[in-house]
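A quick write-up on the structure given underneath.
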Amino acid sequence: MKIGSILILSALSSLFLSCEDVLDTKTVNEWDDNKVWKLSDLAQGVLMQAYSAIPNTPNCFDNNFLDAATDNAVTNSYGSGVYKAAIGGITGADNPIGNWDGCYKQMQNIHEFLEKGLRDDLSYDRTNPETDAAIKKRLEGEALFLRAWWGFALLQRYGGRTDEGEALGYPIITHFVTIEEAKQLDKFKRNTYQECVRQILQDCDLAMKKLPATYTGDDAIVGVGNIGRATSMAAAVLKSRVALYSASPAFQSSDTITLNHGSDYSVIDPEGYQKQWEHAALISNAVLQLQDFGKYTPLKANNIADAPTTTPTDFVFRSYFNTNGMETNHFPPFYRGTAHTVPSQNLVDAFPAIDGYPIGESAEYDPDFPYEKRDKRLDLNVYYQGRSFGDNNTNIDVVAGGKDSKEFHPQASRTGYYLAKFMSRKKDMLAPIQKLSAIHYNPLLRKSEVFLNFAEASNEAWGPKVKGPDCQYSAYDVLKMIRHLSGGLPENDAYLEEMSASKEQFRKLVQNERRLELAFENQRYFDMRRWLLPLDESVKGVIVTRDANGTLSYATETVEERKFNDVRFYYLPLPHAELLKNPNLKNNIGWDNN
């Protein structure tokens with residue numbers, strides 16, 4: 001474990017954050033350690049570093065979305081880490097998705113704050129002891145939430161099976177590690193996956209007791225001036241996510257699940273496995289029933305780009321940015337962008353027809369007009385041939401020689417599609433004389449995710465239509481609601497009814513709904529792996545041609561092969577440098593010689 005450079009250093013930094021409508025970065029001079037823990041603003045700044053390290057934008061992988069390393073998309077940026085991940089170029093020495101060092105650095109910041117930033121001799125309000133105590137209570141809750149956040153970041157990236165069949169997570173550390181302790185490598189080894197889950201859930205539970213559900217009103221402690229900080233609702237939603245991962249097949253030990261080959265696995269302890277899903281479902285159900293949680297709210301384009309200054313109710317933890325960087329990175333070249341991440345034909349095909357059936361089974365789908373009569377979430381995510389581009393009064397044209405084709409510009413889309421989600425619709429957004437900006441939100445935790453988490457876990461625990469104990473929904477109820485409200489599919493959803501005939505069929509539908517709802521929110525990469533889905537599906541694009549009469553025809557082509565044909569690709573390797581330093585660390589399956 002690289003404690004020498006990750007865990008020894010003090011959390012002093014030049015980055016401090018002020019939470020008004022968003023956590024803004026400010027710089028100050030470096031201070032002596034004794035000064036920091038006597039001045040409340042500087043002490044709080046140590047904790048703020050754990051906020052500032054959370055990516056501000058969703059395209060945080062070399063200006064790409066992580067979906068570009070899945071069947072949802074590809075990247076046009078061949079020098080990016082995402083491209084390396086997409087073609088199987090990850091190694092223990094070069095892992096563009098990993099963040100071992102960064103996660104443990106933030107753990108150090110958090111632990112140093114918990115040990116020094118809440119002492120009696122440090123005051124956050126010198127005139128009112130009750131206010132001082134209330135601020136410290138909230139700050140402690142924030143620190144516990146952030147420890148859970150960064151703990152899950154480690155678990156999500158490095159949790160996995162070993163060659164011996166153990167399900168391991170990360171080395172749990174709950175205090176500031178000194179230089180002397182860091183040298184004692186025998187103290188640091190990977191905890192079991194479930195031990196890590198319990199630690200994260202415990203931190204979330206403690207945080208929930210100390211944090212407000214939301215920030216409202218003018219109060220200095222829990223008022224709107226603190227929006228952007230952690231809340232009890234955010235901790236609850238994080239609990240739901242962590243519990244879902246803990247029940248997933250990829251993270252069970254060999255006592256519960258046998259990995260046969262690639263995506264093939266066998267459940268050898270059905271009762272124990274089902275109990276894991278029951279636990280996950282009941283945790284999500286408890287979150288759904290929290291006071292003020294509310295009903296399901298469909299995501300709209302103006303929730304995440306050209307957005308209001310008031311945070312959408314669906315977002316319980318988010319970042320905020322008012323720039324044109326998203327558009328610069330992903331607009332088509334004709335509109336002065338560089339089209340880094342572009343959606344795939346695979347993703348487009350995953351959106352059902354308007355009657356709810358997959359396009360290969362629907363009477364409503366017409367291959368000559370492939371984008372008509374489709375689930376309305378297609379337009380939320382994708383710009384396709386003939387679609388009007390924002391408010392520019394021009395249409396996308398990927399026909400050979402068209403303004404958005406590879407023949408027109410070498411940086412044009414490889415797939416024939418462009419990204420719509422998170423993109424501003426403003427006309428002339430990137431005009432060279434006067435570029436515009438747009439308010440964007442990056443939803444880090446959404447209420448909608450809890451509905452999806454519950455549907456998945458409830459189906460695995462009790463089946464599609466059974467309501468678990470004290471549950472207000474069944475998995476069927478949730479998907480019916482999401483498909484109708486978000487996708488515009490009929491309330492009398494015949495395909496949903498057909499798929500609810502068995503747990504296995506319904507699982508496929510749940511997985512697809514999650515794919516559509518959370519597209520380009522950097523979840524598909526990890527979802528595919530925790531589900532042990534096949535990872536070797538070729539990524540396809542569209543070829544659009546126009547005949548002499550102006551009639552369009554559509555064909556598909558393979559744009560990128562994904563040769564993930566080994567079980568090791570379901571997990572990420574531990575950093576090679578850490579394994580060299582600490583022989584107590586076991587690597588994930590198949591990575592010892594890679």
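In the structure tokens, the first chain shown is A, the next is B, and so on; residue numbers restart at 1 for each chain, and ligands run from 1 in the order shown.
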
Pull the strand (DSSP E) assignments for region 483-554 of chain A out of DSSP run on the backbone, and list those residues as a PyMOL selection string.
-> chain A and resi 539-546+552-554

Do you know which residues are at most 8 Å from region 479-490 of chain A counting only C-alpha atoms, after dropping those on the same chain fewer than 6 positions away, and could you put them as a PyMOL selection string?
-> chain A and resi 296-299+354-356+375-377+452+455+496+510+513

Would you give me, as a PyMOL selection string, the residues in region 214-270 of chain A that DSSP reads as helix (DSSP H, G or I)?
-> chain A and resi 224-226+232-247+249-251+270

Got a sec: who's within 12 Å of region 99-104 of chain A, counting only C-alpha atoms, leaving out chain neighbours fewer than 4 positions off, as a PyMOL selection string?
-> chain A and resi 1-11+49-55+61+92-95+108-111+146-159+170-177+572-578

Please provide the set of residues having any atom within 10 Å of region 569-571 of chain A, restricted to only C-alpha atoms, with same-chain residues fewer than 2 positions apart removed, written as JSON, numbers by chain.
-> {"A": [88, 90, 156, 157, 158, 159, 160, 161, 162, 250, 251, 262, 263, 525, 526, 528, 529, 530, 531, 532, 533, 534, 535, 563, 564, 565, 566, 567, 573, 574, 587, 588, 589, 590, 591]}

Please provide as a ChimeraX atom specification all residues within 12 Å of Asp306 (chain A), with the sequence filter that same-chain residues fewer than 3 positions apart are discarded (counting only C-alpha atoms).
-> /A:300-303,309-310,320-324,326-327,390-391,421-427,429,436-441

Can you tell me, as a PyMOL selection string, what residues are no more than 9 Å from Ala519 (chain A) when counting only C-alpha atoms, ignoring any on the same chain fewer than 4 positions away?
-> chain A and resi 67+72+347+381+421+514-515+523-524

Residue contacts of Phe334 (chain A) (10 Å, only C-alpha atoms) excluding same-chain residues fewer than 2 positions away, as a PDB file with all heavy atoms, in the first residue's frame:
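The resulting selection.pdb:
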ATOM      1  N   PHE A 331     -19.723  18.788 -28.662  1.00  0.00           N
ATOM      2  CA  PHE A 331     -20.485  19.240 -29.830  1.00  0.00           C
ATOM      3  C   PHE A 331     -19.877  18.670 -31.112  1.00  0.00           C
ATOM      4  O   PHE A 331     -18.665  18.400 -31.172  1.00  0.00           O
ATOM      5  CB  PHE A 331     -20.444  20.769 -29.918  1.00  0.00           C
ATOM      6  CG  PHE A 331     -21.615  21.468 -29.267  1.00  0.00           C
ATOM      7  CD1 PHE A 331     -22.474  20.812 -28.399  1.00  0.00           C
ATOM      8  CD2 PHE A 331     -21.861  22.803 -29.531  1.00  0.00           C
ATOM      9  CE1 PHE A 331     -23.542  21.467 -27.802  1.00  0.00           C
ATOM     10  CE2 PHE A 331     -22.927  23.470 -28.954  1.00  0.00           C
ATOM     11  CZ  PHE A 331     -23.777  22.809 -28.090  1.00  0.00           C
ATOM     12  N   PRO A 332     -20.661  18.530 -32.169  1.00  0.00           N
ATOM     13  CA  PRO A 332     -20.090  18.168 -33.472  1.00  0.00           C
ATOM     14  C   PRO A 332     -19.096  19.226 -33.944  1.00  0.00           C
ATOM     15  O   PRO A 332     -19.225  20.413 -33.585  1.00  0.00           O
ATOM     16  CB  PRO A 332     -21.322  18.132 -34.391  1.00  0.00           C
ATOM     17  CG  PRO A 332     -22.498  17.957 -33.484  1.00  0.00           C
ATOM     18  CD  PRO A 332     -22.139  18.669 -32.216  1.00  0.00           C
ATOM     19  N   ARG A 336     -18.284  23.630 -33.800  1.00  0.00           N
ATOM     20  CA  ARG A 336     -17.028  24.021 -33.144  1.00  0.00           C
ATOM     21  C   ARG A 336     -16.695  23.192 -31.904  1.00  0.00           C
ATOM     22  O   ARG A 336     -15.974  23.643 -31.028  1.00  0.00           O
ATOM     23  CB  ARG A 336     -17.031  25.522 -32.810  1.00  0.00           C
ATOM     24  CG  ARG A 336     -17.273  26.401 -34.038  1.00  0.00           C
ATOM     25  CD  ARG A 336     -17.306  27.881 -33.683  1.00  0.00           C
ATOM     26  NE  ARG A 336     -17.585  28.678 -34.873  1.00  0.00           N
ATOM     27  CZ  ARG A 336     -18.808  28.964 -35.310  1.00  0.00           C
ATOM     28  NH1 ARG A 336     -19.865  28.533 -34.651  1.00  0.00           N
ATOM     29  NH2 ARG A 336     -18.979  29.683 -36.405  1.00  0.00           N
ATOM     30  N   GLY A 337     -17.226  21.986 -31.825  1.00  0.00           N
ATOM     31  CA  GLY A 337     -16.851  21.070 -30.762  1.00  0.00           C
ATOM     32  C   GLY A 337     -15.866  20.030 -31.253  1.00  0.00           C
ATOM     33  O   GLY A 337     -15.477  20.022 -32.433  1.00  0.00           O
ATOM     34  N   THR A 338     -15.438  19.147 -30.350  1.00  0.00           N
ATOM     35  CA  THR A 338     -14.468  18.112 -30.725  1.00  0.00           C
ATOM     36  C   THR A 338     -15.037  16.700 -30.610  1.00  0.00           C
ATOM     37  O   THR A 338     -14.294  15.733 -30.791  1.00  0.00           O
ATOM     38  CB  THR A 338     -13.195  18.224 -29.855  1.00  0.00           C
ATOM     39  OG1 THR A 338     -13.568  18.267 -28.468  1.00  0.00           O
ATOM     40  CG2 THR A 338     -12.413  19.470 -30.194  1.00  0.00           C
ATOM     41  N   ALA A 339     -16.317  16.569 -30.323  1.00  0.00           N
ATOM     42  CA  ALA A 339     -17.027  15.286 -30.384  1.00  0.00           C
ATOM     43  C   ALA A 339     -16.255  14.146 -29.736  1.00  0.00           C
ATOM     44  O   ALA A 339     -16.060  13.085 -30.336  1.00  0.00           O
ATOM     45  CB  ALA A 339     -17.363  14.943 -31.838  1.00  0.00           C
ATOM     46  N   ILE A 396     -28.875  17.677 -37.963  1.00  0.00           N
ATOM     47  CA  ILE A 396     -27.719  16.782 -38.050  1.00  0.00           C
ATOM     48  C   ILE A 396     -27.740  16.067 -39.396  1.00  0.00           C
ATOM     49  O   ILE A 396     -28.766  15.541 -39.832  1.00  0.00           O
ATOM     50  CB  ILE A 396     -27.756  15.758 -36.901  1.00  0.00           C
ATOM     51  CG1 ILE A 396     -27.570  16.446 -35.541  1.00  0.00           C
ATOM     52  CG2 ILE A 396     -26.700  14.676 -37.104  1.00  0.00           C
ATOM     53  CD1 ILE A 396     -26.199  17.039 -35.325  1.00  0.00           C
ATOM     54  N   LYS A 403     -22.508  17.829 -43.380  1.00  0.00           N
ATOM     55  CA  LYS A 403     -21.723  18.707 -42.500  1.00  0.00           C
ATOM     56  C   LYS A 403     -21.298  18.041 -41.194  1.00  0.00           C
ATOM     57  O   LYS A 403     -20.388  18.531 -40.511  1.00  0.00           O
ATOM     58  CB  LYS A 403     -22.525  19.977 -42.175  1.00  0.00           C
ATOM     59  CG  LYS A 403     -23.776  19.737 -41.357  1.00  0.00           C
ATOM     60  CD  LYS A 403     -24.492  21.050 -41.076  1.00  0.00           C
ATOM     61  CE  LYS A 403     -25.724  20.839 -40.217  1.00  0.00           C
ATOM     62  NZ  LYS A 403     -25.414  20.194 -38.914  1.00  0.00           N
ATOM     63  N   ASP A 404     -21.930  16.916 -40.834  1.00  0.00           N
ATOM     64  CA  ASP A 404     -21.584  16.234 -39.589  1.00  0.00           C
ATOM     65  C   ASP A 404     -20.966  14.860 -39.843  1.00  0.00           C
ATOM     66  O   ASP A 404     -20.929  14.016 -38.945  1.00  0.00           O
ATOM     67  CB  ASP A 404     -22.835  16.090 -38.712  1.00  0.00           C
ATOM     68  CG  ASP A 404     -23.469  17.439 -38.403  1.00  0.00           C
ATOM     69  OD1 ASP A 404     -22.765  18.298 -37.855  1.00  0.00           O
ATOM     70  OD2 ASP A 404     -24.655  17.637 -38.742  1.00  0.00           O
ATOM     71  N   SER A 405     -20.489  14.649 -41.051  1.00  0.00           N
ATOM     72  CA  SER A 405     -19.916  13.356 -41.439  1.00  0.00           C
ATOM     73  C   SER A 405     -18.396  13.372 -41.324  1.00  0.00           C
ATOM     74  O   SER A 405     -17.761  14.420 -41.254  1.00  0.00           O
ATOM     75  CB  SER A 405     -20.309  13.028 -42.878  1.00  0.00           C
ATOM     76  OG  SER A 405     -19.682  13.933 -43.772  1.00  0.00           O
ATOM     77  N   PHE A 408     -16.637  15.314 -43.971  1.00  0.00           N
ATOM     78  CA  PHE A 408     -16.605  16.770 -43.808  1.00  0.00           C
ATOM     79  C   PHE A 408     -15.524  17.200 -42.821  1.00  0.00           C
ATOM     80  O   PHE A 408     -14.863  18.217 -43.012  1.00  0.00           O
ATOM     81  CB  PHE A 408     -17.970  17.271 -43.326  1.00  0.00           C
ATOM     82  CG  PHE A 408     -18.055  18.769 -43.161  1.00  0.00           C
ATOM     83  CD1 PHE A 408     -18.349  19.583 -44.249  1.00  0.00           C
ATOM     84  CD2 PHE A 408     -17.835  19.370 -41.927  1.00  0.00           C
ATOM     85  CE1 PHE A 408     -18.426  20.960 -44.104  1.00  0.00           C
ATOM     86  CE2 PHE A 408     -17.896  20.747 -41.776  1.00  0.00           C
ATOM     87  CZ  PHE A 408     -18.193  21.545 -42.867  1.00  0.00           C
ATOM     88  N   HIS A 409     -15.341  16.399 -41.747  1.00  0.00           N
ATOM     89  CA  HIS A 409     -14.354  16.770 -40.726  1.00  0.00           C
ATOM     90  C   HIS A 409     -13.807  15.493 -40.081  1.00  0.00           C
ATOM     91  O   HIS A 409     -14.578  14.616 -39.690  1.00  0.00           O
ATOM     92  CB  HIS A 409     -15.000  17.660 -39.656  1.00  0.00           C
ATOM     93  CG  HIS A 409     -14.011  18.395 -38.809  1.00  0.00           C
ATOM     94  ND1 HIS A 409     -13.247  17.761 -37.857  1.00  0.00           N
ATOM     95  CD2 HIS A 409     -13.656  19.708 -38.763  1.00  0.00           C
ATOM     96  CE1 HIS A 409     -12.456  18.646 -37.258  1.00  0.00           C
ATOM     97  NE2 HIS A 409     -12.686  19.834 -37.786  1.00  0.00           N
ATOM     98  N   GLN A 411     -12.702  14.894 -37.212  1.00  0.00           N
ATOM     99  CA  GLN A 411     -13.066  14.717 -35.810  1.00  0.00           C
ATOM    100  C   GLN A 411     -14.566  14.419 -35.647  1.00  0.00           C
ATOM    101  O   GLN A 411     -15.060  14.304 -34.530  1.00  0.00           O
ATOM    102  CB  GLN A 411     -12.701  15.976 -35.003  1.00  0.00           C
ATOM    103  CG  GLN A 411     -12.815  15.842 -33.493  1.00  0.00           C
ATOM    104  CD  GLN A 411     -11.875  14.819 -32.889  1.00  0.00           C
ATOM    105  OE1 GLN A 411     -10.822  14.543 -33.457  1.00  0.00           O
ATOM    106  NE2 GLN A 411     -12.255  14.242 -31.748  1.00  0.00           N
ATOM    107  N   ALA A 412     -15.278  14.272 -36.752  1.00  0.00           N
ATOM    108  CA  ALA A 412     -16.708  13.974 -36.675  1.00  0.00           C
ATOM    109  C   ALA A 412     -16.934  12.598 -36.046  1.00  0.00           C
ATOM    110  O   ALA A 412     -16.020  11.777 -35.921  1.00  0.00           O
ATOM    111  CB  ALA A 412     -17.336  14.035 -38.064  1.00  0.00           C
TER     112      ALA A 412
END

Separation of CA of Asp527 (chain A) from CA of Thr70 (chain A), in Å and rounded to one decimal |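 Separation between CA of Asp527 (chain A) and CA of Thr70 (chain A): 10.1 Å.
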
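Nearest to Val399 (chain A) of all the residues A:Gln511, A:Thr545, A:Thr91, A:Ser253 is A:Thr545, counting only C-alpha atoms.
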